[in-house]
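*Asks:* Coordinates in start_18.txt, compact mmCIF, N, CA and C atoms, are listed below.
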# COMPACT_ATOMS: atom_id res chain seq x y z
N MET A 71 -1.99 -22.30 72.53
CA MET A 71 -3.25 -22.95 72.78
C MET A 71 -3.27 -23.59 74.17
N GLU A 72 -2.17 -24.23 74.57
CA GLU A 72 -2.16 -24.91 75.87
C GLU A 72 -2.43 -23.93 77.00
N GLY A 73 -1.88 -22.74 76.93
CA GLY A 73 -2.11 -21.75 77.98
C GLY A 73 -3.57 -21.37 78.08
N PHE A 74 -4.23 -21.25 76.94
CA PHE A 74 -5.66 -20.93 76.93
C PHE A 74 -6.46 -22.06 77.56
N ILE A 75 -6.14 -23.29 77.19
CA ILE A 75 -6.85 -24.44 77.75
C ILE A 75 -6.66 -24.49 79.26
N GLU A 76 -5.44 -24.22 79.72
CA GLU A 76 -5.18 -24.23 81.17
C GLU A 76 -5.99 -23.16 81.91
N LEU A 77 -6.33 -22.07 81.23
CA LEU A 77 -7.14 -21.03 81.85
C LEU A 77 -8.63 -21.36 81.83
N ILE A 78 -9.12 -21.81 80.69
CA ILE A 78 -10.57 -21.97 80.55
C ILE A 78 -11.09 -23.31 81.06
N ALA A 79 -10.29 -24.38 80.96
CA ALA A 79 -10.76 -25.71 81.35
C ALA A 79 -11.25 -25.77 82.80
N PRO A 80 -10.51 -25.24 83.78
CA PRO A 80 -11.00 -25.32 85.16
C PRO A 80 -12.33 -24.58 85.37
N ILE A 81 -12.54 -23.52 84.64
CA ILE A 81 -13.79 -22.78 84.77
C ILE A 81 -14.94 -23.59 84.19
N ILE A 82 -14.71 -24.19 83.04
CA ILE A 82 -15.74 -25.05 82.44
C ILE A 82 -16.03 -26.23 83.36
N GLN A 83 -14.99 -26.83 83.92
CA GLN A 83 -15.17 -27.97 84.82
C GLN A 83 -15.89 -27.56 86.10
N LYS A 84 -15.72 -26.34 86.52
CA LYS A 84 -16.38 -25.84 87.73
C LYS A 84 -17.89 -25.73 87.54
N TYR A 85 -18.32 -25.23 86.38
CA TYR A 85 -19.74 -24.97 86.16
C TYR A 85 -20.50 -26.09 85.47
N ALA A 86 -19.84 -26.96 84.76
CA ALA A 86 -20.52 -28.04 84.02
C ALA A 86 -21.45 -28.88 84.90
N PRO A 87 -21.02 -29.30 86.10
CA PRO A 87 -21.92 -30.13 86.92
C PRO A 87 -23.24 -29.43 87.27
N GLN A 88 -23.22 -28.11 87.40
CA GLN A 88 -24.45 -27.38 87.72
C GLN A 88 -25.47 -27.48 86.59
N TYR A 89 -25.00 -27.80 85.40
CA TYR A 89 -25.86 -27.91 84.22
C TYR A 89 -25.98 -29.37 83.77
N HIS A 90 -25.58 -30.30 84.66
CA HIS A 90 -25.69 -31.74 84.41
C HIS A 90 -24.86 -32.19 83.21
N ILE A 91 -23.74 -31.53 82.99
CA ILE A 91 -22.82 -31.90 81.91
C ILE A 91 -21.68 -32.70 82.52
N LYS A 92 -21.45 -33.89 82.00
CA LYS A 92 -20.45 -34.78 82.58
C LYS A 92 -19.14 -34.81 81.79
N VAL A 93 -19.17 -34.43 80.52
CA VAL A 93 -17.97 -34.45 79.68
C VAL A 93 -17.67 -33.02 79.24
N CYS A 94 -16.53 -32.52 79.65
CA CYS A 94 -16.17 -31.12 79.38
C CYS A 94 -15.33 -30.91 78.13
N SER A 95 -14.67 -31.95 77.65
CA SER A 95 -13.74 -31.76 76.54
C SER A 95 -14.39 -31.18 75.29
N PRO A 96 -15.64 -31.52 74.93
CA PRO A 96 -16.22 -30.88 73.74
C PRO A 96 -16.44 -29.37 73.93
N ILE A 97 -16.75 -28.96 75.14
CA ILE A 97 -16.96 -27.53 75.42
C ILE A 97 -15.63 -26.80 75.38
N ILE A 98 -14.61 -27.40 75.92
CA ILE A 98 -13.27 -26.81 75.86
C ILE A 98 -12.83 -26.69 74.40
N ALA A 99 -13.06 -27.74 73.62
CA ALA A 99 -12.70 -27.70 72.20
C ALA A 99 -13.48 -26.62 71.46
N GLN A 100 -14.75 -26.46 71.80
CA GLN A 100 -15.55 -25.41 71.15
C GLN A 100 -14.99 -24.03 71.47
N ALA A 101 -14.59 -23.81 72.73
CA ALA A 101 -14.00 -22.52 73.12
C ALA A 101 -12.70 -22.26 72.35
N VAL A 102 -11.88 -23.29 72.21
CA VAL A 102 -10.63 -23.16 71.44
C VAL A 102 -10.93 -22.79 70.00
N LEU A 103 -11.87 -23.50 69.39
CA LEU A 103 -12.20 -23.26 67.99
C LEU A 103 -12.85 -21.89 67.78
N GLU A 104 -13.89 -21.59 68.55
CA GLU A 104 -14.66 -20.35 68.36
C GLU A 104 -13.83 -19.10 68.66
N SER A 105 -12.89 -19.21 69.59
CA SER A 105 -12.13 -18.02 70.01
C SER A 105 -10.71 -17.98 69.48
N ALA A 106 -10.34 -18.92 68.62
CA ALA A 106 -8.95 -19.02 68.15
C ALA A 106 -7.99 -19.05 69.34
N SER A 107 -8.30 -19.94 70.26
CA SER A 107 -7.50 -20.11 71.49
C SER A 107 -7.41 -18.82 72.30
N GLY A 108 -8.52 -18.11 72.34
CA GLY A 108 -8.58 -16.89 73.14
C GLY A 108 -8.02 -15.65 72.48
N THR A 109 -7.71 -15.73 71.19
CA THR A 109 -7.10 -14.59 70.50
C THR A 109 -8.04 -13.85 69.55
N SER A 110 -9.26 -14.33 69.37
CA SER A 110 -10.19 -13.68 68.45
C SER A 110 -10.61 -12.31 68.98
N GLU A 111 -11.15 -11.50 68.10
CA GLU A 111 -11.62 -10.17 68.50
C GLU A 111 -12.66 -10.26 69.60
N LEU A 112 -13.60 -11.19 69.48
CA LEU A 112 -14.64 -11.33 70.51
C LEU A 112 -14.06 -11.79 71.84
N ALA A 113 -13.10 -12.69 71.80
CA ALA A 113 -12.48 -13.18 73.03
C ALA A 113 -11.71 -12.06 73.73
N VAL A 114 -10.91 -11.35 72.97
CA VAL A 114 -10.05 -10.31 73.54
C VAL A 114 -10.86 -9.11 74.04
N ASN A 115 -11.82 -8.67 73.25
CA ASN A 115 -12.54 -7.43 73.56
C ASN A 115 -13.86 -7.61 74.30
N ALA A 116 -14.39 -8.84 74.31
CA ALA A 116 -15.70 -9.04 74.93
C ALA A 116 -15.77 -10.27 75.84
N CYS A 117 -14.65 -10.94 76.05
CA CYS A 117 -14.62 -12.18 76.85
C CYS A 117 -15.72 -13.15 76.39
N ASN A 118 -15.97 -13.15 75.08
CA ASN A 118 -16.98 -14.02 74.47
C ASN A 118 -16.21 -15.09 73.71
N TYR A 119 -16.08 -16.26 74.33
CA TYR A 119 -15.25 -17.34 73.79
C TYR A 119 -16.02 -18.35 72.95
N PHE A 120 -17.35 -18.12 72.83
CA PHE A 120 -18.19 -19.10 72.14
C PHE A 120 -18.99 -18.48 71.00
N GLY A 121 -18.72 -17.23 70.64
CA GLY A 121 -19.43 -16.59 69.54
C GLY A 121 -20.90 -16.37 69.79
N LEU A 122 -21.24 -16.00 71.02
CA LEU A 122 -22.64 -15.83 71.40
C LEU A 122 -23.17 -14.48 70.92
N LYS A 123 -24.20 -14.53 70.09
CA LYS A 123 -24.83 -13.31 69.60
C LYS A 123 -25.76 -12.74 70.68
N TYR A 124 -25.88 -11.44 70.66
CA TYR A 124 -26.70 -10.75 71.65
C TYR A 124 -28.17 -10.75 71.26
N ARG A 125 -29.01 -11.02 72.22
CA ARG A 125 -30.45 -10.78 72.15
C ARG A 125 -30.87 -10.38 73.55
N PRO A 126 -31.74 -9.39 73.68
CA PRO A 126 -32.14 -8.91 75.01
C PRO A 126 -32.68 -10.05 75.88
N GLY A 127 -32.19 -10.09 77.12
CA GLY A 127 -32.67 -11.07 78.09
C GLY A 127 -32.18 -12.48 77.89
N ARG A 128 -31.35 -12.72 76.91
CA ARG A 128 -30.91 -14.08 76.60
C ARG A 128 -29.93 -14.62 77.64
N CYS A 129 -29.11 -13.77 78.19
CA CYS A 129 -28.04 -14.26 79.05
C CYS A 129 -27.83 -13.30 80.22
N PRO A 130 -28.19 -13.72 81.42
CA PRO A 130 -28.10 -12.81 82.58
C PRO A 130 -26.67 -12.43 82.97
N THR A 131 -25.68 -13.19 82.57
CA THR A 131 -24.30 -12.86 82.95
C THR A 131 -23.64 -11.88 81.99
N ALA A 132 -24.28 -11.60 80.85
CA ALA A 132 -23.71 -10.63 79.91
C ALA A 132 -23.73 -9.24 80.53
N SER A 133 -22.66 -8.49 80.29
CA SER A 133 -22.56 -7.15 80.88
C SER A 133 -22.86 -6.06 79.87
N GLY A 134 -23.09 -6.45 78.61
CA GLY A 134 -23.38 -5.45 77.60
C GLY A 134 -23.34 -6.05 76.21
N ILE A 135 -23.19 -5.16 75.25
CA ILE A 135 -23.21 -5.54 73.83
C ILE A 135 -21.87 -5.14 73.21
N TYR A 136 -21.33 -6.02 72.39
CA TYR A 136 -20.14 -5.74 71.62
C TYR A 136 -20.56 -5.70 70.15
N TYR A 137 -20.22 -4.63 69.46
CA TYR A 137 -20.61 -4.46 68.06
C TYR A 137 -19.45 -4.85 67.15
N LYS A 138 -19.75 -5.68 66.16
CA LYS A 138 -18.72 -6.17 65.24
C LYS A 138 -19.40 -6.63 63.97
N VAL A 139 -18.71 -6.50 62.86
CA VAL A 139 -19.23 -7.00 61.59
C VAL A 139 -19.12 -8.52 61.58
N GLY A 140 -20.18 -9.16 61.15
CA GLY A 140 -20.20 -10.62 61.06
C GLY A 140 -20.88 -11.05 59.78
N SER A 141 -20.82 -12.32 59.49
CA SER A 141 -21.44 -12.87 58.28
C SER A 141 -22.55 -13.82 58.65
N GLU A 142 -23.61 -13.77 57.87
CA GLU A 142 -24.73 -14.69 58.00
C GLU A 142 -24.94 -15.39 56.67
N GLN A 143 -25.25 -16.67 56.73
CA GLN A 143 -25.52 -17.40 55.50
C GLN A 143 -26.98 -17.19 55.11
N ASN A 144 -27.19 -16.88 53.85
CA ASN A 144 -28.53 -16.68 53.30
C ASN A 144 -29.11 -18.03 52.87
N ALA A 145 -30.40 -18.06 52.63
CA ALA A 145 -31.09 -19.29 52.23
C ALA A 145 -30.50 -19.88 50.95
N ASP A 146 -29.97 -19.03 50.07
CA ASP A 146 -29.40 -19.53 48.81
C ASP A 146 -27.94 -19.96 48.93
N GLY A 147 -27.40 -19.93 50.16
CA GLY A 147 -26.03 -20.37 50.39
C GLY A 147 -24.98 -19.27 50.34
N THR A 148 -25.36 -18.10 49.89
CA THR A 148 -24.42 -16.97 49.87
C THR A 148 -24.33 -16.37 51.26
N TYR A 149 -23.37 -15.50 51.45
CA TYR A 149 -23.16 -14.86 52.75
C TYR A 149 -23.33 -13.35 52.62
N SER A 150 -23.83 -12.75 53.68
CA SER A 150 -23.95 -11.29 53.76
C SER A 150 -23.24 -10.82 55.01
N SER A 151 -22.48 -9.75 54.88
CA SER A 151 -21.80 -9.16 56.04
C SER A 151 -22.58 -7.95 56.51
N THR A 152 -22.82 -7.90 57.81
CA THR A 152 -23.54 -6.78 58.40
C THR A 152 -22.99 -6.53 59.80
N ALA A 153 -23.28 -5.33 60.31
CA ALA A 153 -22.94 -5.04 61.70
C ALA A 153 -23.82 -5.89 62.59
N MET A 154 -23.22 -6.56 63.55
CA MET A 154 -23.96 -7.47 64.42
C MET A 154 -23.68 -7.16 65.87
N GLN A 155 -24.57 -7.62 66.72
CA GLN A 155 -24.42 -7.44 68.16
C GLN A 155 -24.05 -8.78 68.79
N TRP A 156 -23.03 -8.74 69.63
CA TRP A 156 -22.54 -9.93 70.31
C TRP A 156 -22.59 -9.69 71.81
N MET A 157 -22.70 -10.74 72.58
CA MET A 157 -22.69 -10.59 74.03
C MET A 157 -21.30 -10.19 74.50
N LYS A 158 -21.28 -9.32 75.48
CA LYS A 158 -20.03 -8.90 76.10
C LYS A 158 -20.07 -9.34 77.56
N PHE A 159 -18.94 -9.88 78.03
CA PHE A 159 -18.83 -10.34 79.40
C PHE A 159 -17.66 -9.63 80.07
N ASP A 160 -17.70 -9.54 81.38
CA ASP A 160 -16.65 -8.83 82.12
C ASP A 160 -15.36 -9.62 82.23
N ASN A 161 -15.45 -10.95 82.20
CA ASN A 161 -14.26 -11.77 82.39
C ASN A 161 -14.52 -13.18 81.85
N MET A 162 -13.50 -14.01 81.86
CA MET A 162 -13.61 -15.36 81.31
C MET A 162 -14.66 -16.18 82.05
N GLU A 163 -14.69 -16.08 83.36
CA GLU A 163 -15.66 -16.87 84.13
C GLU A 163 -17.09 -16.51 83.74
N ASP A 164 -17.38 -15.23 83.62
CA ASP A 164 -18.73 -14.82 83.19
C ASP A 164 -19.01 -15.29 81.77
N GLY A 165 -18.00 -15.28 80.90
CA GLY A 165 -18.19 -15.77 79.54
C GLY A 165 -18.55 -17.25 79.50
N VAL A 166 -17.92 -18.03 80.36
CA VAL A 166 -18.23 -19.47 80.44
C VAL A 166 -19.63 -19.66 81.01
N LYS A 167 -19.96 -18.95 82.09
CA LYS A 167 -21.32 -19.06 82.64
C LYS A 167 -22.36 -18.64 81.60
N GLY A 168 -22.04 -17.63 80.83
CA GLY A 168 -22.94 -17.19 79.77
C GLY A 168 -23.18 -18.28 78.75
N TYR A 169 -22.14 -19.02 78.42
CA TYR A 169 -22.29 -20.15 77.48
C TYR A 169 -23.27 -21.18 78.04
N PHE A 170 -23.09 -21.53 79.30
CA PHE A 170 -23.99 -22.52 79.90
C PHE A 170 -25.43 -22.00 79.97
N ASP A 171 -25.59 -20.73 80.30
CA ASP A 171 -26.94 -20.14 80.29
C ASP A 171 -27.53 -20.23 78.89
N PHE A 172 -26.72 -19.92 77.89
CA PHE A 172 -27.18 -19.93 76.50
C PHE A 172 -27.64 -21.31 76.06
N ILE A 173 -26.83 -22.34 76.34
CA ILE A 173 -27.20 -23.67 75.86
C ILE A 173 -28.38 -24.26 76.64
N ASN A 174 -28.78 -23.60 77.70
CA ASN A 174 -29.93 -24.06 78.46
C ASN A 174 -31.21 -23.31 78.11
N ILE A 175 -31.16 -22.46 77.08
CA ILE A 175 -32.38 -21.84 76.56
C ILE A 175 -33.18 -22.96 75.91
N PRO A 176 -34.48 -23.05 76.17
CA PRO A 176 -35.27 -24.20 75.70
C PRO A 176 -35.11 -24.56 74.22
N ASN A 177 -35.00 -23.59 73.31
CA ASN A 177 -34.89 -23.96 71.90
C ASN A 177 -33.47 -24.34 71.49
N TYR A 178 -32.54 -24.40 72.41
CA TYR A 178 -31.20 -24.88 72.12
C TYR A 178 -30.97 -26.19 72.83
Show me the file's structure as structure tokens.
*Replies:*
Amino acid sequence: MEGFIELIAPIIQKYAPQYHIKVCSPIIAQAVLESASGTSELAVNACNYFGLKYRPGRCPTASGIYYKVGSEQNADGTYSSTAMQWMKFDNMEDGVKGYFDFINIPNY
């Protein structure tokens, strides 16, 4: 985990001020949790460290779509597994920029 934090923290710290974010530790913690310290399928194969789902035009730094089975919670509390589309990024830096772009979408 420490090696992952040493890689991703400086990138988060680099871009956070551009989005008026002053505290980076929650974002670093989210990346650790969502990506299993950079070892999850999305992290390894799509440089997606935050579990960002794909929607057209949502994130300008995304380089494509990564297809993977995921689970969604239904209104009754049960879960359904289906093939899902996730954002794919070329590298860790683009994945972090994509996160910041995502959280700046007006409804988020």
*Asks:* What's the 8 Å shell around Glu104 in chain A, counting all atoms listed in the file, without same-chain residues fewer than 4 positions away, as a PyMOL selection string?
*Replies:* chain A and resi 98-100+108-110+112-113+118-121
*Asks:* Hey, can you check how far atom C of Leu122 in chain A sits from atom N of Val139 in chain A?
*Replies:*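 Between atom C of Leu122 in chain A and atom N of Val139 in chain A the gap is 12.2 Å.
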*Asks:* Any chance you could list, as a ChimeraX atom specification, the residues in chain A that come up strand (DSSP E) when DSSP is run on the backbone?
*Replies:* /A:134-143,149-158
*Asks:* Pull the neighbourhood of (-13.1, -23.9, 81.7) for me: all residues within 10 Å in file coordinates, counting only C-alpha atoms, as a count of residues only.
*Replies:* 23
*Asks:* Among chain A, which ones does DSSP place in helix (DSSP H, G or I), written as number ranges by chain?
*Replies:* A: 72-89, 95-105, 111-116, 162-173
*Asks:* Counting all atoms listed in the file, which of A:Met157, A:Ile173, A:Asp146, A:Asn115 gets nearest to Ala132 in chain A?
*Replies:*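 Residue with the minimum atom-to-atom distance to Ala132 in chain A: A:Met157.
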*Asks:* Closest to Ile91 in chain A among A:Ser105, A:Thr152, A:Asn174, A:Thr131, using only C-alpha atoms?
*Replies:*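 Once distances to Ile91 in chain A are computed over only C-alpha atoms, the minimum belongs to A:Asn174.
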*Asks:* Just give me the gap between atom N of Tyr169 in chain A and atom C of Lys138 in chain A in Å, one decimal is fine.
*Replies:*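 Between atom N of Tyr169 in chain A and atom C of Lys138 in chain A the gap is 19.2 Å.
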*Asks:* Which is closest to Trp156 in chain A among A:Pro96, A:Gly127, A:Gly134, A:Gly73, if we use only N, CA and C atoms?
*Replies:*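 Nearest candidate to Trp156 in chain A out of A:Pro96, A:Gly127, A:Gly134, A:Gly73: A:Gly134.
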